[in-house]
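For reference, model33.txt is printed below; it contains compact mmCIF, C-alpha atoms (C1' of nucleotides).
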```
# COMPACT_ATOMS: atom_id res chain seq x y z
CA MET A 1 70.31 -8.60 4.74
CA HIS A 2 69.62 -5.64 6.94
CA HIS A 3 68.02 -3.67 4.16
CA VAL A 4 65.47 -6.34 3.44
CA LEU A 5 64.54 -6.40 7.09
CA ILE A 6 64.24 -2.65 7.40
CA SER A 7 61.78 -2.37 4.58
CA ASP A 8 59.49 -4.74 6.47
CA PRO A 9 56.93 -2.58 8.29
CA ASP A 10 56.58 -5.20 11.00
CA LEU A 11 60.02 -4.26 12.18
CA ALA A 12 58.65 -1.35 14.13
CA ASP A 13 57.33 -4.08 16.40
CA ASN A 14 59.43 -4.21 19.49
CA SER A 15 59.26 -7.92 20.09
CA LEU A 16 61.01 -8.33 16.76
CA LEU A 17 63.43 -5.66 17.80
CA ASN A 18 64.20 -7.58 20.94
CA LYS A 19 64.74 -10.76 18.98
CA MET A 20 67.19 -8.98 16.75
CA LEU A 21 68.97 -7.46 19.69
CA ARG A 22 69.52 -10.83 21.19
CA SER A 23 70.83 -12.43 18.08
CA GLU A 24 73.01 -9.67 16.67
CA LEU A 25 74.44 -7.68 19.49
CA VAL A 26 77.70 -8.05 21.31
CA ASN A 27 78.74 -7.23 24.85
CA CYS A 28 79.26 -3.65 25.87
CA THR A 29 82.58 -1.88 25.71
CA SER A 30 84.89 -1.97 28.70
CA ASP A 31 85.44 1.73 29.40
CA LEU A 32 81.80 2.22 30.27
CA GLU A 33 80.50 1.26 33.68
CA VAL A 34 76.97 -0.11 33.64
CA LEU A 35 74.85 -0.65 36.75
CA ARG A 36 71.50 -2.42 36.68
CA LYS A 37 68.94 -3.81 39.05
CA ASP A 38 69.70 -7.31 37.81
CA PRO A 39 73.38 -7.43 36.85
CA ASN A 40 72.93 -10.94 35.46
CA SER A 41 70.50 -9.94 32.75
CA PRO A 42 72.17 -9.69 29.37
CA LEU A 43 73.34 -6.28 28.22
CA TYR A 44 73.72 -5.52 24.56
CA SER A 45 75.75 -3.19 22.45
CA VAL A 46 75.18 -2.35 18.82
CA LYS A 47 77.70 -1.50 16.11
CA SER A 48 75.34 -0.20 13.44
CA PHE A 49 72.10 1.74 13.25
CA GLU A 50 70.63 -1.02 11.09
CA ALA A 51 70.85 -3.47 13.95
CA LEU A 52 68.38 -1.33 15.91
CA SER A 53 65.60 -1.97 13.38
CA LEU A 54 64.51 1.63 13.44
CA LYS A 55 61.56 2.85 11.45
CA PRO A 56 62.91 3.38 7.91
CA GLU A 57 62.10 7.10 7.92
CA ILE A 58 64.08 7.57 11.13
CA LEU A 59 67.04 5.62 9.77
CA LYS A 60 66.95 7.81 6.68
CA GLY A 61 66.98 10.90 8.88
CA VAL A 62 69.91 9.56 10.91
CA TYR A 63 71.98 8.92 7.79
CA GLY A 64 70.88 12.23 6.35
CA MET A 65 72.57 13.92 9.31
CA GLY A 66 75.85 12.30 8.37
CA PHE A 67 75.90 9.71 11.14
CA ASN A 68 77.28 6.45 9.80
CA ALA A 69 77.69 4.37 12.90
CA PRO A 70 76.65 4.76 16.56
CA SER A 71 79.01 6.66 18.85
CA LYS A 72 80.40 4.88 21.90
CA ILE A 73 77.62 5.95 24.25
CA GLN A 74 75.02 5.19 21.58
CA GLU A 75 76.37 1.66 21.10
CA THR A 76 75.57 0.77 24.67
CA ALA A 77 72.65 3.09 25.41
CA LEU A 78 70.47 2.65 22.32
CA PRO A 79 69.57 -1.04 22.72
CA SER A 80 68.39 -0.37 26.28
CA LEU A 81 66.71 2.90 25.32
CA LEU A 82 64.68 1.23 22.57
CA ALA A 83 63.95 -2.07 24.31
CA GLU A 84 60.48 -3.14 25.38
CA PRO A 85 59.26 -2.62 28.01
CA PRO A 86 60.84 0.86 28.21
CA GLN A 87 63.60 1.21 30.76
CA ASN A 88 64.70 4.25 32.70
CA MET A 89 68.27 5.40 32.26
CA ILE A 90 70.81 7.68 33.91
CA ALA A 91 73.63 8.21 31.43
CA GLN A 92 76.92 9.98 31.79
CA SER A 93 79.08 10.61 28.79
CA GLN A 94 81.55 13.32 27.90
CA SER A 95 80.63 16.41 25.91
CA GLY A 96 80.15 15.96 22.19
CA THR A 97 79.75 12.19 22.17
CA GLY A 98 76.25 11.98 20.81
CA LYS A 99 73.96 12.08 23.82
CA THR A 100 71.44 14.36 22.10
CA ALA A 101 71.09 12.12 19.07
CA ALA A 102 70.59 9.14 21.40
CA PHE A 103 67.63 10.59 23.25
CA VAL A 104 66.11 12.25 20.18
CA LEU A 105 66.21 8.87 18.45
CA THR A 106 64.41 7.39 21.43
CA MET A 107 61.70 10.05 21.38
CA LEU A 108 61.14 9.67 17.63
CA SER A 109 61.00 5.88 17.90
CA ARG A 110 58.34 5.93 20.58
CA VAL A 111 56.10 8.68 19.27
CA ASP A 112 52.80 7.82 17.58
CA THR A 113 52.07 10.59 15.12
CA SER A 114 48.47 9.45 14.68
CA LEU A 115 47.78 10.68 18.21
CA ASN A 116 47.56 14.45 18.33
CA TYR A 117 48.93 15.28 21.74
CA PRO A 118 52.39 15.57 23.35
CA GLN A 119 53.96 12.17 24.05
CA CYS A 120 57.59 13.12 24.51
CA LEU A 121 58.92 15.88 26.74
CA CYS A 122 62.49 17.14 26.94
CA LEU A 123 63.72 19.68 29.49
CA ALA A 124 66.93 21.67 29.09
CA PRO A 125 68.47 24.34 31.33
CA THR A 126 68.67 27.18 28.79
CA TYR A 127 66.87 28.64 25.82
CA GLU A 128 69.79 28.08 23.44
CA LEU A 129 70.09 24.42 24.37
CA ALA A 130 66.37 23.85 23.84
CA LEU A 131 66.74 25.33 20.34
CA GLN A 132 69.75 23.14 19.60
CA ILE A 133 67.91 19.98 20.65
CA GLY A 134 64.96 21.08 18.54
CA HIS A 135 67.22 21.35 15.51
CA VAL A 136 68.35 17.76 16.01
CA VAL A 137 64.70 16.70 16.23
CA GLU A 138 63.96 18.57 13.00
CA GLN A 139 66.84 17.01 11.12
CA MET A 140 66.31 13.49 12.37
CA SER A 141 62.56 13.63 11.76
CA LYS A 142 62.96 15.12 8.29
CA TYR A 143 61.24 12.09 6.75
CA MET A 144 58.57 11.75 9.43
CA THR A 145 56.35 14.19 7.64
CA SER A 146 53.51 14.15 10.15
CA LEU A 147 55.68 14.80 13.22
CA ARG A 148 55.12 18.05 15.07
CA MET A 149 57.34 19.64 17.70
CA VAL A 150 56.98 22.75 19.82
CA TYR A 151 59.26 24.81 22.06
CA ALA A 152 57.99 25.62 25.52
CA VAL A 153 60.33 28.49 26.32
CA ARG A 154 60.10 32.01 27.64
CA GLY A 155 59.20 34.34 24.80
CA GLY A 156 58.06 31.44 22.64
CA MET A 157 54.59 30.33 21.63
CA ARG A 158 51.73 31.74 23.66
CA VAL A 159 49.17 29.29 24.90
CA THR A 160 45.63 29.71 26.14
CA ARG A 161 44.46 28.12 29.36
CA GLY A 162 42.70 24.85 28.74
CA GLN A 163 43.26 24.91 24.98
CA LEU A 164 45.02 21.63 24.23
CA ILE A 165 48.06 21.69 21.94
CA ASP A 166 48.67 19.00 19.33
CA PRO A 167 52.46 18.67 18.73
CA HIS A 168 53.91 15.24 19.54
CA ILE A 169 57.15 16.46 21.09
CA VAL A 170 57.63 19.33 23.55
CA ILE A 171 61.11 20.76 24.13
CA GLY A 172 61.44 23.41 26.76
CA THR A 173 62.85 25.06 29.82
CA PRO A 174 61.51 24.01 33.23
CA GLY A 175 59.43 27.05 34.21
CA THR A 176 57.51 27.32 30.98
CA VAL A 177 56.91 23.57 30.79
CA LEU A 178 55.59 23.60 34.33
CA ASP A 179 53.26 26.47 33.44
CA TRP A 180 52.00 24.75 30.32
CA SER A 181 51.32 21.48 32.06
CA THR A 182 49.99 22.60 35.44
CA LYS A 183 48.84 26.21 35.18
CA PHE A 184 47.57 26.42 31.60
CA LYS A 185 46.84 22.70 31.25
CA VAL A 186 47.53 22.66 27.52
CA PHE A 187 48.86 19.10 27.66
CA ASP A 188 48.65 16.16 30.03
CA LEU A 189 51.85 15.02 31.75
CA LYS A 190 50.20 11.65 32.33
CA LYS A 191 50.23 11.04 28.56
CA ILE A 192 53.99 11.59 28.23
CA ARG A 193 55.72 8.34 27.34
CA VAL A 194 59.33 9.57 27.15
CA PHE A 195 60.67 12.20 29.54
CA VAL A 196 64.21 13.48 28.96
CA LEU A 197 66.26 15.65 31.29
CA ASP A 198 69.22 17.03 29.39
CA GLU A 199 72.11 18.32 31.49
CA ALA A 200 70.34 16.34 34.17
CA ASP A 201 72.75 17.08 37.00
CA VAL A 202 72.10 20.81 36.93
CA MET A 203 68.39 20.19 36.41
CA ILE A 204 68.05 18.25 39.66
CA ALA A 205 70.80 19.90 41.73
CA THR A 206 69.60 21.77 44.79
CA GLN A 207 71.16 25.01 43.55
CA GLY A 208 69.84 24.52 40.01
CA HIS A 209 66.40 23.97 38.53
CA GLN A 210 65.47 21.23 40.97
CA ASP A 211 62.05 22.45 42.11
CA GLN A 212 60.55 22.93 38.68
CA SER A 213 62.10 19.83 37.10
CA ILE A 214 61.04 17.59 39.94
CA ARG A 215 57.54 19.05 39.97
CA VAL A 216 57.21 18.20 36.28
CA GLN A 217 58.62 14.74 36.90
CA ARG A 218 56.13 14.08 39.72
CA GLY A 219 53.25 14.76 37.36
CA LEU A 220 54.31 11.99 34.98
CA SER A 221 52.65 8.62 34.70
CA LYS A 222 54.32 5.73 36.53
CA ASP A 223 55.14 3.92 33.29
CA CYS A 224 56.70 6.91 31.53
CA GLN A 225 60.25 6.24 30.41
CA MET A 226 62.64 8.62 32.20
CA LEU A 227 66.01 9.45 30.71
CA LEU A 228 68.70 11.53 32.39
CA PHE A 229 71.72 12.65 30.38
CA SER A 230 74.76 14.70 31.33
CA ALA A 231 78.54 14.77 31.09
CA THR A 232 78.86 15.21 34.84
CA TYR A 233 77.13 14.13 38.04
CA ASP A 234 78.78 14.87 41.35
CA SER A 235 78.27 12.05 43.86
CA GLN A 236 75.43 13.77 45.71
CA VAL A 237 73.52 14.48 42.53
CA MET A 238 74.00 10.92 41.28
CA LYS A 239 72.64 9.61 44.57
CA PHE A 240 69.61 11.87 44.28
CA ALA A 241 69.10 10.90 40.64
CA GLN A 242 69.05 7.23 41.55
CA ALA A 243 66.53 7.94 44.31
CA VAL A 244 64.23 9.85 41.95
CA VAL A 245 64.35 7.55 38.91
CA PRO A 246 62.78 4.12 39.44
CA ASP A 247 65.03 1.13 38.60
CA PRO A 248 67.37 2.95 36.23
CA ILE A 249 70.10 1.51 34.12
CA VAL A 250 73.13 3.63 34.99
CA ILE A 251 75.74 4.09 32.29
CA ARG A 252 78.85 6.03 33.26
CA LEU A 253 82.30 6.71 31.96
CA ARG A 254 84.80 4.85 34.07
CA ARG A 255 87.33 7.66 33.94
CA GLU A 256 86.21 11.24 33.84
CA GLU A 257 89.60 12.62 32.82
CA GLU A 258 89.32 10.76 29.53
CA SER A 259 87.32 13.69 28.28
CA LEU A 260 90.21 16.08 28.92
CA LYS A 261 92.77 14.11 26.95
CA ASN A 262 92.48 16.13 23.75
CA ILE A 263 92.22 19.55 25.40
CA LYS A 264 95.44 21.33 26.33
CA GLN A 265 95.05 23.46 29.42
CA PHE A 266 97.01 26.60 30.31
CA PHE A 267 96.88 29.42 32.77
CA ILE A 268 98.07 33.00 32.69
CA ARG A 269 98.96 34.65 35.94
CA CYS A 270 97.79 38.24 36.31
CA SER A 271 97.42 40.54 39.28
CA SER A 272 94.34 42.56 38.38
CA LEU A 273 91.31 42.78 36.16
CA GLN A 274 93.11 45.28 33.92
CA GLU A 275 96.04 42.93 33.56
CA LYS A 276 93.73 40.07 32.64
CA PHE A 277 92.16 42.21 29.98
CA HIS A 278 95.55 43.24 28.56
CA ALA A 279 96.75 39.64 28.49
CA LEU A 280 93.58 38.60 26.70
CA SER A 281 93.83 41.47 24.26
CA ASN A 282 97.45 40.50 23.52
CA ILE A 283 96.45 36.96 22.72
CA TYR A 284 93.69 38.03 20.37
CA GLY A 285 95.87 40.73 18.82
CA ALA A 286 98.74 38.42 18.02
CA ILE A 287 97.14 35.26 16.74
CA SER A 288 94.15 34.28 14.74
CA ILE A 289 92.22 31.89 16.88
CA GLY A 290 89.63 29.95 14.90
CA GLN A 291 86.52 30.44 16.98
CA SER A 292 86.52 30.90 20.71
CA MET A 293 84.33 31.36 23.75
CA ILE A 294 85.28 33.55 26.71
CA PHE A 295 83.54 32.83 29.99
CA CYS A 296 82.90 35.44 32.66
CA HIS A 297 81.45 35.07 36.12
CA THR A 298 78.70 37.66 35.82
CA ARG A 299 76.53 39.23 33.13
CA LYS A 300 78.02 42.54 34.04
CA ALA A 301 81.58 41.32 33.56
CA ALA A 302 80.62 39.78 30.22
CA SER A 303 79.12 42.97 28.84
CA TRP A 304 82.02 45.02 30.23
CA LEU A 305 84.56 42.74 28.56
CA ALA A 306 82.63 42.72 25.29
CA GLU A 307 82.66 46.50 25.27
CA GLN A 308 86.39 46.65 25.97
CA MET A 309 87.20 44.10 23.27
CA THR A 310 85.02 45.93 20.78
CA ARG A 311 86.85 49.17 21.55
CA GLN A 312 90.10 47.38 20.79
CA GLY A 313 88.75 46.51 17.39
CA HIS A 314 87.83 42.87 17.97
CA ALA A 315 84.57 41.62 16.49
CA VAL A 316 82.90 39.89 19.39
CA GLY A 317 79.44 38.69 20.28
CA MET A 318 78.02 38.77 23.80
CA LEU A 319 75.49 36.31 25.15
CA SER A 320 73.99 36.39 28.61
CA GLY A 321 70.65 36.25 30.36
CA GLU A 322 70.42 40.04 30.29
CA LEU A 323 69.60 39.91 26.58
CA ALA A 324 66.05 39.57 25.29
CA VAL A 325 65.17 36.18 23.82
CA GLU A 326 65.18 37.41 20.21
CA GLN A 327 68.63 38.92 20.70
CA ARG A 328 69.89 35.67 22.17
CA ALA A 329 68.73 33.70 19.15
CA ALA A 330 70.39 36.22 16.84
CA VAL A 331 73.70 36.23 18.73
CA ILE A 332 74.00 32.44 18.84
CA GLU A 333 73.10 32.26 15.16
CA ARG A 334 75.79 34.78 14.22
CA PHE A 335 78.30 32.80 16.26
CA ARG A 336 77.24 29.49 14.73
CA SER A 337 77.65 30.86 11.24
CA ALA A 338 81.05 32.33 12.24
CA LYS A 339 80.00 35.91 11.50
CA GLU A 340 81.44 36.57 14.92
CA LYS A 341 84.41 34.45 15.86
CA VAL A 342 84.47 35.33 19.54
CA LEU A 343 81.61 34.82 21.96
CA ILE A 344 81.86 36.45 25.36
CA THR A 345 79.40 34.79 27.67
CA THR A 346 78.41 33.55 31.12
CA ASN A 347 77.53 30.10 32.42
CA VAL A 348 74.42 30.30 30.27
CA SER A 349 76.62 28.84 27.50
CA ALA A 350 78.70 26.55 29.71
CA ARG A 351 76.73 23.45 28.82
CA GLY A 352 75.77 21.68 25.68
CA ILE A 353 76.24 24.44 23.12
CA ASP A 354 77.82 22.72 20.16
CA VAL A 355 79.70 24.91 17.68
CA GLU A 356 82.16 22.68 15.92
CA GLN A 357 84.60 25.41 14.97
CA VAL A 358 85.32 26.38 18.57
CA THR A 359 88.99 25.59 19.18
CA VAL A 360 89.70 27.79 22.19
CA VAL A 361 87.89 28.32 25.48
CA VAL A 362 89.04 31.11 27.76
CA ASN A 363 88.02 31.23 31.40
CA PHE A 364 88.32 34.96 31.96
CA ASP A 365 86.88 34.13 35.37
CA LEU A 366 87.30 30.64 36.77
CA PRO A 367 84.02 28.87 37.55
CA VAL A 368 83.01 28.97 41.20
CA ASN A 369 79.91 27.79 43.02
CA MET A 370 77.67 29.66 45.44
CA LYS A 371 80.19 29.29 48.24
CA GLY A 372 83.02 30.64 46.10
CA GLU A 373 84.64 27.20 45.79
CA ALA A 374 86.02 25.74 42.56
CA ASP A 375 83.16 24.40 40.39
CA CYS A 376 84.82 21.45 38.68
CA GLU A 377 81.68 20.25 36.90
CA THR A 378 81.13 23.62 35.25
CA TYR A 379 84.83 23.78 34.36
CA LEU A 380 84.56 20.47 32.54
CA HIS A 381 81.41 21.57 30.71
CA ARG A 382 82.93 24.92 29.72
CA ILE A 383 86.13 23.56 28.26
CA GLY A 384 84.09 20.75 26.73
CA ARG A 385 82.76 23.39 24.29
CA THR A 386 85.97 22.66 22.44
CA GLY A 387 87.55 19.34 21.62
CA ARG A 388 84.20 17.92 20.59
CA PHE A 389 84.04 14.51 18.93
CA GLY A 390 87.69 13.85 19.62
CA LYS A 391 89.02 17.05 18.04
CA ARG A 392 91.83 18.93 19.72
CA GLY A 393 91.12 21.98 21.80
CA LEU A 394 92.76 24.65 23.88
CA ALA A 395 91.70 26.01 27.27
CA ILE A 396 93.23 29.17 28.72
CA ASN A 397 92.54 30.16 32.31
CA MET A 398 93.09 33.71 33.50
CA VAL A 399 94.21 33.72 37.11
CA ASP A 400 94.25 36.88 39.21
CA GLY A 401 95.50 36.75 42.78
CA SER A 402 96.03 33.95 45.25
CA ARG A 403 92.38 33.03 45.72
CA SER A 404 91.80 32.26 42.07
CA MET A 405 95.18 30.48 41.96
CA ALA A 406 93.94 28.23 44.76
CA ILE A 407 90.71 27.60 42.85
CA MET A 408 92.67 26.62 39.78
CA GLN A 409 94.80 24.23 41.78
CA VAL A 410 91.67 22.52 43.12
CA ILE A 411 90.52 22.03 39.52
CA GLU A 412 93.97 20.78 38.52
CA ARG A 413 93.99 18.23 41.34
CA HIS A 414 90.40 17.16 40.74
CA PHE A 415 91.07 16.13 37.15
CA GLU A 416 94.67 15.12 37.78
CA ARG A 417 95.70 17.02 34.68
CA THR A 418 98.50 19.58 34.69
CA ILE A 419 97.54 23.12 33.72
CA GLN A 420 100.67 24.70 32.26
CA LYS A 421 101.78 28.24 32.92
CA LEU A 422 101.75 30.59 29.96
CA ASP A 423 103.72 33.83 29.88
CA PRO A 424 101.34 36.59 28.75
CA ASP A 425 104.17 38.39 26.95
CA ASP A 426 105.33 35.32 25.12
CA ILE A 427 102.79 35.01 22.36
CA ASP A 428 104.94 32.63 20.32
CA GLN A 429 104.13 30.04 22.91
CA VAL A 430 100.45 30.35 22.08
CA GLU A 431 101.04 30.31 18.35
CA ALA A 432 102.95 27.07 18.64
CA LEU A 433 100.06 25.66 20.61
CA GLU A 434 97.54 26.68 18.08
CA GLU A 435 99.36 24.96 15.27
CA ASP A 436 99.55 21.90 17.47
CA SER A 437 95.84 21.81 18.04
C1' DC B 1 72.46 40.35 41.46
C1' DT B 2 76.42 34.23 40.27
C1' DA B 3 74.37 32.09 36.50
C1' DA B 4 70.24 30.06 34.84
C1' DT B 5 64.93 29.35 35.01
C1' DT B 6 59.94 31.94 35.96
C1' DT B 7 54.94 32.28 28.20
```
As structure tokens - that is how I would like this structure written.
Amino acid sequence: MHHVLISDPDLADNSLLNKMLRSELVNCTSDLEVLRKDPNSPLYSVKSFEALSLKPEILKGVYGMGFNAPSKIQETALPSLLAEPPQNMIAQSQSGTGKTAAFVLTMLSRVDTSLNYPQCLCLAPTYELALQIGHVVEQMSKYMTSLRMVYAVRGGMRVTRGQLIDPHIVIGTPGTVLDWSTKFKVFDLKKIRVFVLDEADVMIATQGHQDQSIRVQRGLSKDCQMLLFSATYDSQVMKFAQAVVPDPIVIRLRREEESLKNIKQFFIRCSSLQEKFHALSNIYGAISIGQSMIFCHTRKAASWLAEQMTRQGHAVGMLSGELAVEQRAAVIERFRSAKEKVLITTNVSARGIDVEQVTVVVNFDLPVNMKGEADCETYLHRIGRTGRFGKRGLAINMVDGSRSMAIMQVIERHFERTIQKLDPDDIDQVEALEEDS
DNA sequence: CTAATTT
């Protein structure tokens, strides 16, 4: 039945879509919390991509990516994302649950490829994340032959002041997008119909990219659909988000710690930097960890550690903001294709980066904020690089001294999950863990 | 120099 309907070109029509939504969809799942302006209006959930009456070429792209059925967040978010009139959304869902596909699907559904100007705009906090989102756009739009996309990132395409660009979708980092839209005027923010903020909490946080993201947002038309996605929003940021986004549907996980269920967390107590390095070197010397990411607090620490590990004979990659853009693309590509199994990095890779083979995350330095306090949001994002899509993962925290022990305990209490002690000399412990996970 | 962002 569905297939007959999909082949009908009229199905792109949203009034038909709405009819279908009302007749075929069931109530939303119980572990998501949904807040709306009018809590009495019906809310729908969808169990198949067919039920969304997507354009056939988009549906083909979705299946071509190996997606068979909507993920949990997609079940609830997609009907609202695609409904007419467009609705704004603030969505929270754990790492690796299909947020990117959800908003890319929305952009592709709303774009009109017969109009040769940008209609969808997506902002991400880093260069690597912008590339990753772009890859999802490319795959999902494989059968939309006339669709064009462009990256607005540092070191990317050069533009000329006043010379309008014609891609339909712009993916970029905040500074470059702001330059393109306001300084160079190569596209009109007023013509954007879907605006996506990925990793939205860090994009609007005072200590993050707030200025540039909000300046872009203020240039948008009143009726532009605004979508905010992230795995985490601290209460302040959520409050600000709700003040900035008009009448949003808010979809949140009821329990944050759900996302930690499949990740085993450990700590190793050390007394100095040298000791941390030796403990780390022991771990990597004794066992073959699939693929892993090691997070450091500073660029300097990351390049120092990479050098030390290399000297010890480990093949490692290093990624931080001190690299040139071309180098960054090369490093992430080598890591993705498992040419290098270990990536030593900073918070530049804490969010969003999706490399399926990553089974271990090491916090060589625990994440702290500007004030030197535990940064629980970043912790969750970092260890969320593993255990994606319900797979098991391992997180190892290197603790040196009482201050970092206190930081770890704050994190432990925040998530109400025990972080077990690991003896750095007892490698068998780790091996057993690895087999487990 | 916390990290990221600022073609």
Pick from A:Ile58, A:Val360, A:Ile268, A:Met65, whichever lies nearest to Ile287 in chain A using all atoms listed in the file: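 So, comparing all the options, the nearest one is A:Val360.
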field: Pick from A:Thr386, A:Thr310, A:Thr176, A:Gln87, whichever lies nearest to DT6 in chain B using all atoms listed in the file
entry: A:Thr176
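Between CA of Met89 in chain A and CA of Arg215 in chain A the separation is 19.0 Å.
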message: Only residues of chain A matter here; which ones have an atom within 6 Å of chain B, counting only C-alpha atoms (C1' of nucleotides)? Give them as an MDAnalysis selection string.
response: chainID A and resid 154:155 158 175 347
field: Coordinates-based distance that separates CA of Val111 in chain A from CA of Gly156 in chain A (Å, one decimal)
entry: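 Interatomic distance, CA of Gly156 in chain A to CA of Val111 in chain A: 23.1 Å.
Taking CA of Arg392 in chain A as the reference point, CA of Glu377 in chain A is found at 20.0 Å.
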message: List the spatial neighbours of Gly387 in chain A as a PyMOL selection string - criterion: any atom at most 12 Å away, all atoms listed in the file, same-chain residues fewer than 6 positions off excluded.
response: chain A and resi 94-97+258-265+292+354-361+380-381+393-395+437
Centre and edges of the range 4-7 of chain B box, axis-aligned, 5 Å extra per side, as JSON:
```
{"center_x": 62.6, "center_y": 30.8, "center_z": 32.1, "size_x": 25.3, "size_y": 12.9, "size_z": 17.8}
```
Pick from A:Asn282, A:Ser181, A:Ser402, A:Ser146 nearest to Arg269 in chain A, counting only C-alpha atoms: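 For Arg269 in chain A, the nearest of the given residues is A:Ser402.
The closest residue to Ile90 in chain A, picked from A:Leu35, A:Ala324, A:Leu319, A:Leu129 and counting only C-alpha atoms, is A:Leu35.
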Can you pull out every residue within 6 Å of range 183-187 of chain A, counting all atoms listed in the file, but drop anything in the same chain fewer than 4 positions away, and send it as a PDB file with C-alpha atoms, in the coordinates of the input?
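File written: result19.pdb
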```pdb
ATOM      1  CA  ARG A 161      44.460  28.120  29.360  1.00  0.00           C
ATOM      2  CA  GLY A 162      42.700  24.850  28.740  1.00  0.00           C
ATOM      3  CA  GLN A 163      43.260  24.910  24.980  1.00  0.00           C
ATOM      4  CA  LEU A 164      45.020  21.630  24.230  1.00  0.00           C
ATOM      5  CA  ILE A 165      48.060  21.690  21.940  1.00  0.00           C
ATOM      6  CA  ASP A 179      53.260  26.470  33.440  1.00  0.00           C
TER       7      ASP A 179
END
```
task: Anything within 8 Å of (97.7, 29.8, 31.8): list those residues as a PyMOL selection string, counting only C-alpha atoms (C1' of nucleotides) and sticking to the file's coordinates.
output: chain A and resi 265-269+396-399+419-423
- prompt: For Val216 in chain A, which residue out of A:Gln236, A:Gln242, A:Gln74, A:Thr173 is the nearest one, using all atoms listed in the file?
  reply: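 Looking at the shortest contact to Val216 in chain A, the residue is A:Thr173.
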